[in-house]
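Below is one structure; the comments refer to it alone.
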Amino acid sequence: MDNYLTLPGWVLAVFQSCLYIALAPLLVGWVRKVKARLQNRRGAPLFQAYRDLYKLLAKEARVAHTASPLFRAAPYIVFTATWMAAATVPLLVVDLPTAAIADIIVLVGLLALARVFLALAGMDVGTAFGGMGASREMLIGALAEPAMLMAVFTLAMTAHSTNLSSVIDYHLVDGFVLRPSYLFALGGLILVAVAESGRIPIDNPTTHLELTMIHEAMLLEYSGRHLALMEWSAQIKLLLYGTLIANVFFPWGIGRGFGAAALGLGLAAVLAKLAALGAVLAVGETVLAKMRLFRAPEFLNLALLLSLLGLLSHVILEVGA
Amino acid sequence: MSGAVTMQQALALAGLAVVLALASTLVSLLAKRVPATLRLAATPLLGLAGLAALAAGLIALALGGTVQTTLPLGLPWLPWHVRLDALAGFFLLLIGVVTCAVGLYAPAYVRGFEHGHDSLTALGGFSGLFLTGMLMVVLADDAFLFMVAWELMSLSSYFLVAYHHEHSANRRAAFLYLLMAHVGGLMILLGYGVLAAFGTGFSFSELRAAELPPIWAGVAFALAFMGFGMKAGLVPLHAWLPEAHPVAPSHISALMSGVMLKVAVYGFIRFVFDLIGQFPWQWGVVVLIIGCLSALFGVLAALLQTDLKRLLAYSSVENLGIIFIGLGLSLVFLSTGYRSLGALAFVAALYHCLNHALFKGLLFLGAGAILHSTHERDLDQMGGLLRRKPWTGLFFLVGVLSISALPPFNGFVSEWLTFQAALQAWQLQSGVLRSLIPIASAVLALTGALVAVTFVKVYGVAFLGQARSRHVRRARPGPWGMQAGQGFLALLCLLLGVFPTWVIGLIDAVPRAILGGGLPQAGAYGWLWLTPVSPQTASYSGPLIVLMLAGIGLTVFWGLNYLWSRGAPVRWIRRGDAWDCGFAPPSPRMQYTATAFAQPIRRVFGLLFQIDETMTRQEDGTLRHRLHIGDRFWGLLYLPIARAVESAARRVVLLQSGSVRVYLGWTLATLVGLLWIIT
């Protein structure tokens, strides 16, 4: 832990955290662009997501008469918690102090904090859609969270540490071994990532059709900068899951020192990996249709099963051997 | 002040707490003549007793020593032994904290009873006895005093459960409670009997020295686990809990759920970890499985409830399950020789005990505040209470976040510690254990996520949105005393989440005293960093998390609201009506209710419950929806036993002839039979 808590480490940690909020809209723009291309459209420019955020930030916020103070506080809490969760995932280099402050379990906890406030904000105004969205979001969260924990526990048990930096470090030092447990955990985590970031086939980020909305239903009453923060947090969450998959399961290229070369290589590597993952997501969203809500538990049970299988195959096959 | 405090003084403080609790009982006798006695004397005395217990517990934990004495009470050949050690100190602290909050809260709360026709003497008197019983259970150092205090606790709480006895449902709940408390008490008594049979006497030091053959140790463990588990509300022996806890007055519910269940945990720890001392790993597996069952069943049952206090009671089943998961892990690790991992799981369980006492106490007090101002327990009638009762709303939110195990609150820390202990399962030799513990941690993860659903439902339906009934719309903020009691617990919930290293430093005295070794590295990097196993394995910094959350949140808020808004062309926030989809304006009846909120979960996990849902069209053409959610364990376990007892009673009734001579004959025959057996 000593090597984490240095001044360059803190500076880099702040830089990396800022990079998260800066890059998040780009990933969404990229996914939209690839999706549009796959559908034979030209699509919006790559930087459209930034323009949308800017537009929302400049607009006035409208708040319902029936809203309580929680409604106005929620966007800030959701944004902060999501951002902090993201800051704990190594993006460019490992061994940053943010990884020591919060491990994988804290990461899951912070995401849960954001989800709880998102759902509460949805229920605050007292419209039918808000409650509907909150109820569905919590159902999906309740099934996705254990799957996510089991998947990351598989990694943690392998590396004998719940510290994400150490997990990646272990993987890099130990050399890559194709472990069955990792494959299961990867499968589980991909399903969780799709569900948690509200993508097809669980939720459709572009829909405003009343009966199918989940995430959007909770945001219906938001406008202006509040909506911007909420949208931005959703984008950060997508980037977080993308980075988690990219850097934990495919850790090559991530910097292990604080030099400029390591940082540059780390940035290039993570951008390439994220672009590839984004393209995969776009293809997936193009070929799949959204599921009925009550098919979602089956989808998430599969995720939980895969993650649990990963954990069990680790403790049974890999530890004793 | 000169000289350091000693364990003797701690014991004297604990004695003072007992005396104050008894004084509260005595003072309550006056309440029939002067109703204000209860408010002005009895409940403050209760709070002072809590304060004394809190101080005694803190000193005992800080010093980590042991002190014992013999009371001039009891039987001639069996005087009452009293002992204060770290374990007893921890539970004194726990009892004391919640009782303090109740002491702040109760004066305002019981004022509402002054104009009713319920006996104030009964309320105050039995509250004092209840607290005395709990304190004495923790202090007892022999099986005799333990059982006397245990029964005092059970009986006095029976009268508190039956306090509103005009409703037949409450009488039924109280009877069920009495019955199960006594079956449990009987098992504990038998458990002590087994230990005593191999020892030389009934004092704990003699029981501790008893050498038990493995089979009898197993019998003693089974009896103790069932007896204490019944009191702790573990599945499947939980049936009394959701009936009994909600019907008591709310501050008593807080004591019962927050504290009395922990006294059962204390009994289990004292009996198994301390008195028996040696255990095979199979016991750990049994405890682990029962803990998992309780946690998962408890939270699902809580999710489906719409009665707020009943929901909280089911959630206690779940939390006790989590505590027993920790204890089970500890048993497994200790029995396989991993002493420091066993201590880690043990500390996690104790931490969760304390946390649950705090947040469940807080939530019950909050439910009491709602009940006080609206006379409503049904979630589906509530709504919008945050604006009516802002302080209660804020404190309840802290309770909700804590119980949902969200950082940076206290519930998260104990769950994190439990996970850290479970993640060390790879060290175990046995493949069975290595694969069982991850499954247990999966159950724990699922439980934690479902708790969040449950309490988002509670908070969203009760405190947010709009009021669903007229009396809720007119709710008042409530007296300051009630808010102070909740605020005290809410503050502790936050502090215990932010500064876990200090709390663990205190708790660590318990495993060092009971298990012979604590956590070696919990604070290896100072108070800022919690590193339970080793700094390389896991670290968590509560203070930094809070600092960053608050810092970033406020910066973003300030940046957007003040920096960014300079020169903005439009007004910055405008109030308007909620979006109505272009139809009629939204009415409170259009909101999602608690039942509706839980409907997806009901559909996914419905098989575990007996769900009776009907839609009927009434004569005037409207639809009527009826939903009844039953506990499957009633049909599986309780009703068969009840039927068996009834049919046995019907056979025995043949003896009841009504003739005195026949009865005398039976008595004589029994006497002769017994004499023949003992000679």
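So you can find residues: chains in the structure tokens are A, B, ... in the order shown, residues in each start at 1, and ligands are numbered from 1 in order.
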Report as a short mmCIF file (atom, residue, chain, number, x, y, z; two decimals) with N, CA and C atoms, in the first residue's frame all protein, DNA and RNA residues lying within 9 Å of Met230 in chain B, evaluated on only C-alpha atoms, omitting residues in the same chain fewer than 2 positions from it.
data_model
loop_
_atom_site.label_atom_id
_atom_site.label_comp_id
_atom_site.auth_asym_id
_atom_site.auth_seq_id
_atom_site.Cartn_x
_atom_site.Cartn_y
_atom_site.Cartn_z
N MET B 180 -43.43 -19.70 22.34
CA MET B 180 -42.15 -20.00 21.71
C MET B 180 -40.99 -19.58 22.59
N ALA B 181 -41.17 -18.48 23.34
CA ALA B 181 -40.10 -18.07 24.25
C ALA B 181 -39.87 -19.16 25.28
N VAL B 183 -40.65 -22.51 24.99
CA VAL B 183 -40.03 -23.70 24.38
C VAL B 183 -38.53 -23.44 24.23
N GLY B 184 -38.19 -22.22 23.76
CA GLY B 184 -36.78 -21.87 23.62
C GLY B 184 -36.07 -21.89 24.95
N GLY B 185 -36.70 -21.29 25.96
CA GLY B 185 -36.10 -21.25 27.29
C GLY B 185 -35.84 -22.65 27.82
N PHE B 225 -28.46 -23.95 20.12
CA PHE B 225 -28.71 -23.28 18.84
C PHE B 225 -30.20 -23.11 18.61
N MET B 226 -30.97 -24.16 18.96
CA MET B 226 -32.42 -24.04 18.78
C MET B 226 -33.00 -23.05 19.78
N GLY B 227 -32.55 -23.13 21.03
CA GLY B 227 -33.10 -22.24 22.05
C GLY B 227 -32.79 -20.79 21.77
N PHE B 228 -31.52 -20.48 21.54
CA PHE B 228 -31.16 -19.09 21.28
C PHE B 228 -31.63 -18.67 19.90
N ALA B 232 -33.70 -15.53 18.72
CA ALA B 232 -33.13 -14.62 17.74
C ALA B 232 -33.96 -14.56 16.46
N GLY B 233 -34.98 -15.43 16.37
CA GLY B 233 -35.85 -15.38 15.21
C GLY B 233 -35.25 -15.98 13.96
N LEU B 234 -34.42 -17.02 14.11
CA LEU B 234 -33.85 -17.64 12.92
C LEU B 234 -34.89 -18.54 12.25
N VAL B 235 -34.87 -18.55 10.92
CA VAL B 235 -35.75 -19.43 10.16
C VAL B 235 -35.35 -20.87 10.45
N PRO B 236 -36.23 -21.79 10.69
CA PRO B 236 -37.70 -21.69 10.63
C PRO B 236 -38.36 -21.40 11.97
N LEU B 237 -37.63 -20.92 12.96
CA LEU B 237 -38.23 -20.69 14.26
C LEU B 237 -38.60 -19.22 14.46
N HIS B 238 -38.86 -18.53 13.33
CA HIS B 238 -39.03 -17.09 13.39
C HIS B 238 -40.47 -16.67 13.55
N TRP B 240 -42.87 -16.27 15.52
CA TRP B 240 -43.40 -15.35 16.53
C TRP B 240 -42.97 -13.91 16.27
N ALA B 264 -30.01 -12.65 22.59
CA ALA B 264 -29.99 -14.05 22.17
C ALA B 264 -28.66 -14.38 21.49
#
Set the cut-off to 7 Å and count only C-alpha atoms: what are the residues of chain B that reach chain A? Output as a compact mmCIF listing (two decimals) with N, CA, C and O atoms, in the first residue's frame.
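Contents of the output file out_39.txt:
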# COMPACT_ATOMS: atom_id res chain seq x y z
N ARG B 387 -41.90 15.90 3.49
CA ARG B 387 -42.19 17.32 3.61
C ARG B 387 -42.97 17.64 4.89
O ARG B 387 -42.90 18.73 5.41
N LEU B 406 -24.99 0.64 2.33
CA LEU B 406 -24.41 1.53 1.34
C LEU B 406 -23.30 2.34 1.98
O LEU B 406 -23.44 2.79 3.11
N PRO B 407 -22.18 2.50 1.27
CA PRO B 407 -21.13 3.34 1.81
C PRO B 407 -21.64 4.78 1.82
O PRO B 407 -22.42 5.14 0.94
N TRP B 416 -18.96 -5.51 4.50
CA TRP B 416 -17.63 -5.56 3.86
C TRP B 416 -16.72 -6.52 4.62
O TRP B 416 -16.02 -7.35 4.02
N LEU B 423 -14.06 -14.24 1.65
CA LEU B 423 -13.14 -14.32 0.52
C LEU B 423 -11.83 -15.01 0.87
O LEU B 423 -11.02 -15.30 0.00
N TRP B 426 -10.40 -19.55 0.30
CA TRP B 426 -9.45 -20.34 -0.51
C TRP B 426 -8.37 -20.97 0.34
O TRP B 426 -7.73 -21.94 -0.07
N GLY B 431 -12.47 -29.13 0.27
CA GLY B 431 -13.13 -28.62 -0.92
C GLY B 431 -14.59 -28.28 -0.67
O GLY B 431 -15.13 -27.35 -1.26
N ARG B 434 -14.64 -24.96 0.93
CA ARG B 434 -14.21 -23.95 -0.04
C ARG B 434 -15.33 -23.60 -1.00
O ARG B 434 -15.40 -22.49 -1.48
N SER B 435 -16.19 -24.56 -1.32
CA SER B 435 -17.26 -24.22 -2.26
C SER B 435 -18.52 -23.77 -1.54
O SER B 435 -19.33 -23.06 -2.13
N ALA B 442 -22.64 -15.55 -1.93
CA ALA B 442 -23.59 -15.18 -2.97
C ALA B 442 -24.94 -14.87 -2.35
O ALA B 442 -25.62 -13.91 -2.73
N ALA B 445 -24.77 -11.54 -0.83
CA ALA B 445 -24.82 -10.46 -1.82
C ALA B 445 -26.25 -10.25 -2.30
O ALA B 445 -26.73 -9.12 -2.41
N LEU B 446 -26.95 -11.35 -2.57
CA LEU B 446 -28.34 -11.23 -3.03
C LEU B 446 -29.18 -10.58 -1.94
O LEU B 446 -30.02 -9.72 -2.22
N ALA B 449 -28.65 -6.86 -1.82
CA ALA B 449 -29.30 -6.14 -2.91
C ALA B 449 -30.81 -6.07 -2.69
O ALA B 449 -31.44 -5.06 -2.96
N LEU B 450 -31.39 -7.16 -2.15
CA LEU B 450 -32.84 -7.15 -1.93
C LEU B 450 -33.22 -6.22 -0.78
O LEU B 450 -34.31 -5.64 -0.79
N VAL B 453 -33.80 -2.96 -2.23
CA VAL B 453 -35.12 -2.87 -2.86
C VAL B 453 -36.18 -2.61 -1.79
O VAL B 453 -37.04 -1.73 -1.93
N VAL B 456 -35.88 0.98 -0.41
CA VAL B 456 -36.28 1.99 -1.39
C VAL B 456 -37.80 2.01 -1.45
O VAL B 456 -38.42 3.08 -1.50
N GLY B 460 -39.53 5.34 -0.48
CA GLY B 460 -40.20 5.96 -1.62
C GLY B 460 -41.70 6.06 -1.40
O GLY B 460 -42.33 7.06 -1.76
N LEU B 464 -41.76 9.80 0.21
CA LEU B 464 -41.73 10.58 -1.03
C LEU B 464 -43.11 10.52 -1.68
O LEU B 464 -44.03 9.87 -1.17
N GLY B 465 -43.24 11.16 -2.82
CA GLY B 465 -44.52 11.17 -3.50
C GLY B 465 -45.53 12.02 -2.74
O GLY B 465 -45.17 12.95 -2.02
N GLN B 466 -46.81 11.69 -2.93
CA GLN B 466 -47.86 12.47 -2.28
C GLN B 466 -48.65 11.58 -1.34
O GLN B 466 -48.72 10.37 -1.53
N PRO B 535 -2.78 -5.17 4.43
CA PRO B 535 -2.95 -4.01 3.53
C PRO B 535 -2.94 -4.42 2.06
O PRO B 535 -3.56 -3.76 1.24
N GLN B 536 -2.25 -5.52 1.73
CA GLN B 536 -2.21 -5.93 0.32
C GLN B 536 -3.55 -6.53 -0.11
O GLN B 536 -3.94 -6.46 -1.25
N THR B 537 -4.23 -7.17 0.85
CA THR B 537 -5.45 -7.89 0.49
C THR B 537 -6.63 -6.95 0.29
O THR B 537 -7.34 -7.05 -0.70
N ALA B 538 -6.82 -6.07 1.24
CA ALA B 538 -7.98 -5.20 1.12
C ALA B 538 -7.80 -4.00 2.01
O ALA B 538 -7.26 -4.11 3.10
N SER B 539 -8.24 -2.86 1.54
CA SER B 539 -8.22 -1.68 2.39
C SER B 539 -9.45 -0.85 2.07
O SER B 539 -9.98 -0.88 0.96
N TYR B 540 -9.91 -0.13 3.08
CA TYR B 540 -11.06 0.73 2.92
C TYR B 540 -10.84 1.93 3.79
O TYR B 540 -10.40 1.80 4.93
N SER B 541 -11.11 3.10 3.25
CA SER B 541 -10.92 4.29 4.04
C SER B 541 -12.22 5.07 4.10
O SER B 541 -12.55 5.80 3.16
N LEU B 544 -11.90 9.03 4.02
CA LEU B 544 -11.58 9.60 2.70
C LEU B 544 -12.77 9.50 1.76
O LEU B 544 -13.01 10.40 0.96
N LEU B 549 -16.76 12.15 -1.32
CA LEU B 549 -18.16 12.27 -1.72
C LEU B 549 -18.66 13.68 -1.47
O LEU B 549 -19.24 14.32 -2.35
N ILE B 552 -16.58 16.39 -3.72
CA ILE B 552 -16.93 16.42 -5.14
C ILE B 552 -18.38 16.87 -5.31
O ILE B 552 -18.68 17.71 -6.15
N GLY B 553 -19.25 16.33 -4.46
CA GLY B 553 -20.67 16.68 -4.58
C GLY B 553 -20.87 18.17 -4.43
O GLY B 553 -21.54 18.81 -5.24
N PHE B 557 -22.06 20.94 -7.19
CA PHE B 557 -23.23 21.75 -6.90
C PHE B 557 -22.91 23.23 -7.03
O PHE B 557 -23.59 23.99 -7.70
N VAL B 570 -31.83 32.66 -18.67
CA VAL B 570 -33.17 32.30 -18.18
C VAL B 570 -33.13 32.18 -16.67
O VAL B 570 -32.06 32.06 -16.09
N ARG B 571 -34.31 32.20 -16.06
CA ARG B 571 -34.36 31.93 -14.62
C ARG B 571 -33.86 30.52 -14.37
O ARG B 571 -34.06 29.61 -15.19
N TRP B 572 -33.24 30.29 -13.25
CA TRP B 572 -32.41 29.12 -13.11
C TRP B 572 -33.18 27.88 -12.66
O TRP B 572 -32.92 26.77 -13.07
N ILE B 573 -34.17 28.06 -11.81
CA ILE B 573 -35.05 26.94 -11.44
C ILE B 573 -36.47 27.44 -11.47
O ILE B 573 -36.76 28.53 -10.99
N ARG B 574 -37.34 26.69 -12.09
CA ARG B 574 -38.73 27.10 -12.11
C ARG B 574 -39.59 25.94 -11.62
O ARG B 574 -39.34 24.79 -11.96
N ARG B 575 -40.53 26.26 -10.80
CA ARG B 575 -41.46 25.25 -10.31
C ARG B 575 -42.61 25.10 -11.30
O ARG B 575 -43.07 26.09 -11.87
N GLY B 576 -43.05 23.90 -11.48
CA GLY B 576 -44.18 23.70 -12.38
C GLY B 576 -44.94 22.46 -11.97
O GLY B 576 -44.58 21.81 -10.98
N ASP B 577 -45.97 22.14 -12.71
CA ASP B 577 -46.70 20.90 -12.41
C ASP B 577 -45.91 19.72 -12.95
O ASP B 577 -45.13 19.85 -13.88
N ALA B 578 -46.15 18.56 -12.34
CA ALA B 578 -45.53 17.35 -12.86
C ALA B 578 -46.12 17.03 -14.22
O ALA B 578 -47.26 17.41 -14.52
N TRP B 579 -45.35 16.38 -15.05
CA TRP B 579 -45.81 16.06 -16.40
C TRP B 579 -46.98 15.08 -16.33
O TRP B 579 -46.89 14.06 -15.62
N PRO B 586 -51.86 14.32 -12.47
CA PRO B 586 -51.63 13.12 -11.67
C PRO B 586 -52.24 13.27 -10.28
O PRO B 586 -52.10 14.30 -9.65
N PRO B 588 -52.79 11.39 -6.31
CA PRO B 588 -52.03 10.47 -5.44
C PRO B 588 -52.37 9.02 -5.71
O PRO B 588 -51.55 8.14 -5.49
N MET B 590 -52.64 7.58 -8.43
CA MET B 590 -51.94 7.04 -9.60
C MET B 590 -50.53 6.56 -9.25
O MET B 590 -49.87 5.95 -10.07
N GLN B 591 -50.08 6.91 -8.04
CA GLN B 591 -48.70 6.53 -7.68
C GLN B 591 -48.57 5.03 -7.52
O GLN B 591 -49.55 4.35 -7.20
N TYR B 592 -47.35 4.57 -7.70
CA TYR B 592 -47.07 3.18 -7.37
C TYR B 592 -47.25 2.98 -5.87
O TYR B 592 -46.75 3.77 -5.08
N PHE B 597 -45.02 -1.85 -6.10
CA PHE B 597 -43.55 -1.78 -6.19
C PHE B 597 -42.94 -3.16 -6.06
O PHE B 597 -41.96 -3.49 -6.74
N PRO B 600 -42.96 -7.05 -9.19
CA PRO B 600 -42.00 -7.84 -9.99
C PRO B 600 -41.25 -8.87 -9.15
O PRO B 600 -41.06 -10.00 -9.58
N ILE B 601 -40.84 -8.46 -7.94
CA ILE B 601 -40.11 -9.40 -7.07
C ILE B 601 -41.04 -10.53 -6.66
O ILE B 601 -40.63 -11.69 -6.59
(request) Could you tell me how far CA of Cys581 in chain B lies from CA of Leu211 in chain A, in Å and to one decimal? (result)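 It comes out at 13.0 Å.
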(request) Run DSSP on the backbone and grab whatever in range 122-289 of chain B lands in helix (DSSP H, G or I); send it over as a VMD selection string. (result) chain B and resid 122 to 139 143 to 161 168 to 197 204 to 209 214 to 232 241 to 247 250 to 276 281 to 289
(request) Run DSSP on the backbone of this structure and report the residues of range 54-290 of chain B it assigns to strand (DSSP E), as a list of chain:residue names. (result)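 Answer for range 54-290 of chain B restricted to strand (DSSP E) is B:Val67, B:Gln68, B:Thr69, B:Thr70, B:Leu71, B:Pro72, B:Leu73, B:Gly74, B:Leu75, B:Leu78, B:Pro79, B:Trp80, B:His81, B:Val82, B:Arg83, B:Leu84.
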(request) Mind checking which residues fall within 12 Å of range 270-280 of chain A, counting only C-alpha atoms, ignoring those fewer than 6 positions away in the same chain, and posting them as a count of residues only? (result) 48
(request) Could you check which of A:Tyr54, A:Phe47, A:Tyr170, A:Phe299 is closest to Val192 in chain A, using only C-alpha atoms? (result) A:Phe299
(message) Between CA of Met136 in chain B and CA of Leu495 in chain B, what distance in Å does the model show, to one decimal?
(response)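 Taking CA of Met136 in chain B and CA of Leu495 in chain B, their separation equals 28.7 Å.
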(message) Can you pull out the residues contacting Leu12 in chain A? Cut-off 9 Å, using only C-alpha atoms, and skip same-chain residues under 4 positions away; I want them as a ChimeraX atom specification.
(response) /A:7-8,16-17,93,96,258
Put those residues in a file: all heavy atoms, as an mmCIF file, in the first residue's frame.
data_model
loop_
_atom_site.group_PDB
_atom_site.id
_atom_site.type_symbol
_atom_site.label_atom_id
_atom_site.label_comp_id
_atom_site.auth_asym_id
_atom_site.auth_seq_id
_atom_site.Cartn_x
_atom_site.Cartn_y
_atom_site.Cartn_z
ATOM 1 N N LEU A 7 2.736 11.474 -3.920
ATOM 2 C CA LEU A 7 2.154 12.680 -4.521
ATOM 3 C C LEU A 7 1.849 12.493 -6.008
ATOM 4 O O LEU A 7 0.737 12.803 -6.444
ATOM 5 C CB LEU A 7 3.086 13.875 -4.281
ATOM 6 C CG LEU A 7 2.472 15.195 -4.750
ATOM 7 C CD1 LEU A 7 1.235 15.525 -3.927
ATOM 8 C CD2 LEU A 7 3.473 16.324 -4.679
ATOM 9 N N PRO A 8 2.812 11.970 -6.810
ATOM 10 C CA PRO A 8 2.447 11.750 -8.224
ATOM 11 C C PRO A 8 1.245 10.841 -8.355
ATOM 12 O O PRO A 8 0.409 11.016 -9.254
ATOM 13 C CB PRO A 8 3.700 11.104 -8.819
ATOM 14 C CG PRO A 8 4.757 11.194 -7.803
ATOM 15 C CD PRO A 8 4.180 11.590 -6.504
ATOM 16 N N GLN A 16 -6.859 10.981 -13.776
ATOM 17 C CA GLN A 16 -7.586 9.841 -14.328
ATOM 18 C C GLN A 16 -9.084 9.980 -14.076
ATOM 19 O O GLN A 16 -9.910 9.676 -14.933
ATOM 20 C CB GLN A 16 -7.062 8.556 -13.688
ATOM 21 C CG GLN A 16 -7.742 7.327 -14.233
ATOM 22 C CD GLN A 16 -7.282 6.092 -13.487
ATOM 23 O OE1 GLN A 16 -6.167 5.629 -13.683
ATOM 24 N NE2 GLN A 16 -8.128 5.578 -12.632
ATOM 25 N N SER A 17 -9.448 10.487 -12.884
ATOM 26 C CA SER A 17 -10.855 10.671 -12.586
ATOM 27 C C SER A 17 -11.476 11.667 -13.552
ATOM 28 O O SER A 17 -12.589 11.475 -14.045
ATOM 29 C CB SER A 17 -11.040 11.176 -11.160
ATOM 30 O OG SER A 17 -10.282 10.411 -10.277
ATOM 31 N N VAL A 93 -3.249 3.612 -15.536
ATOM 32 C CA VAL A 93 -2.161 2.961 -14.796
ATOM 33 C C VAL A 93 -2.740 2.286 -13.554
ATOM 34 O O VAL A 93 -3.824 2.627 -13.101
ATOM 35 C CB VAL A 93 -1.092 3.984 -14.338
ATOM 36 C CG1 VAL A 93 -0.285 4.457 -15.501
ATOM 37 C CG2 VAL A 93 -1.738 5.131 -13.609
ATOM 38 N N LEU A 96 -2.771 3.334 -8.143
ATOM 39 C CA LEU A 96 -3.153 4.690 -7.774
ATOM 40 C C LEU A 96 -3.807 4.663 -6.397
ATOM 41 O O LEU A 96 -4.371 3.646 -5.995
ATOM 42 C CB LEU A 96 -4.140 5.257 -8.796
ATOM 43 C CG LEU A 96 -3.553 5.554 -10.164
ATOM 44 C CD1 LEU A 96 -4.608 6.163 -11.059
ATOM 45 C CD2 LEU A 96 -2.378 6.496 -10.035
ATOM 46 N N PHE A 258 4.620 5.594 -13.554
ATOM 47 C CA PHE A 258 3.981 6.885 -13.762
ATOM 48 C C PHE A 258 4.669 7.696 -14.858
ATOM 49 O O PHE A 258 4.484 8.897 -14.944
ATOM 50 C CB PHE A 258 3.949 7.688 -12.452
ATOM 51 C CG PHE A 258 3.117 7.033 -11.388
ATOM 52 C CD1 PHE A 258 3.271 7.379 -10.059
ATOM 53 C CD2 PHE A 258 2.168 6.076 -11.710
ATOM 54 C CE1 PHE A 258 2.494 6.781 -9.085
ATOM 55 C CE2 PHE A 258 1.395 5.472 -10.735
ATOM 56 C CZ PHE A 258 1.563 5.826 -9.420
#
(message) Excluding Glu376 in chain B and its own-chain neighbours fewer than 6 positions away, which residues fall within 12 Å of it when counting only C-alpha atoms? Please give them as a list in words.
(response) Thr306, Asp307, Leu308, Lys309, Ala367, Gly368, Ala369, Ile370, Met382, Gly383, Leu385, Ala462, Ala467, Arg468, Ser469, Arg470, His471, Val472, Arg473, Arg474 and Ala475 of chain B
(request) Using only C-alpha atoms, determine which residues lie at most 12 Å from Ile437 in chain B, disregarding the query and same-chain residues fewer than 2 positions distant; provide the list as a ChimeraX atom specification. (result) /A:150,153,308,311-312,315-316 /B:284-289,291-292,325-326,328-330,332-333,418-428,430-435,439-444
(message) What does the structure give for the distance between CA of Gly199 in chain B and CA of Ala220 in chain B, in Å to one decimal?
(response)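 Distance reported for this atom pair: 13.0 Å.
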(message) What's around Leu358 in chain B at 8 Å? Count only C-alpha atoms, leave out sequence neighbours fewer than 3 positions away in its own chain, and write the answer as number ranges by chain.
(response) B: 97-98, 258, 354-355, 361-362, 489-490, 492-493
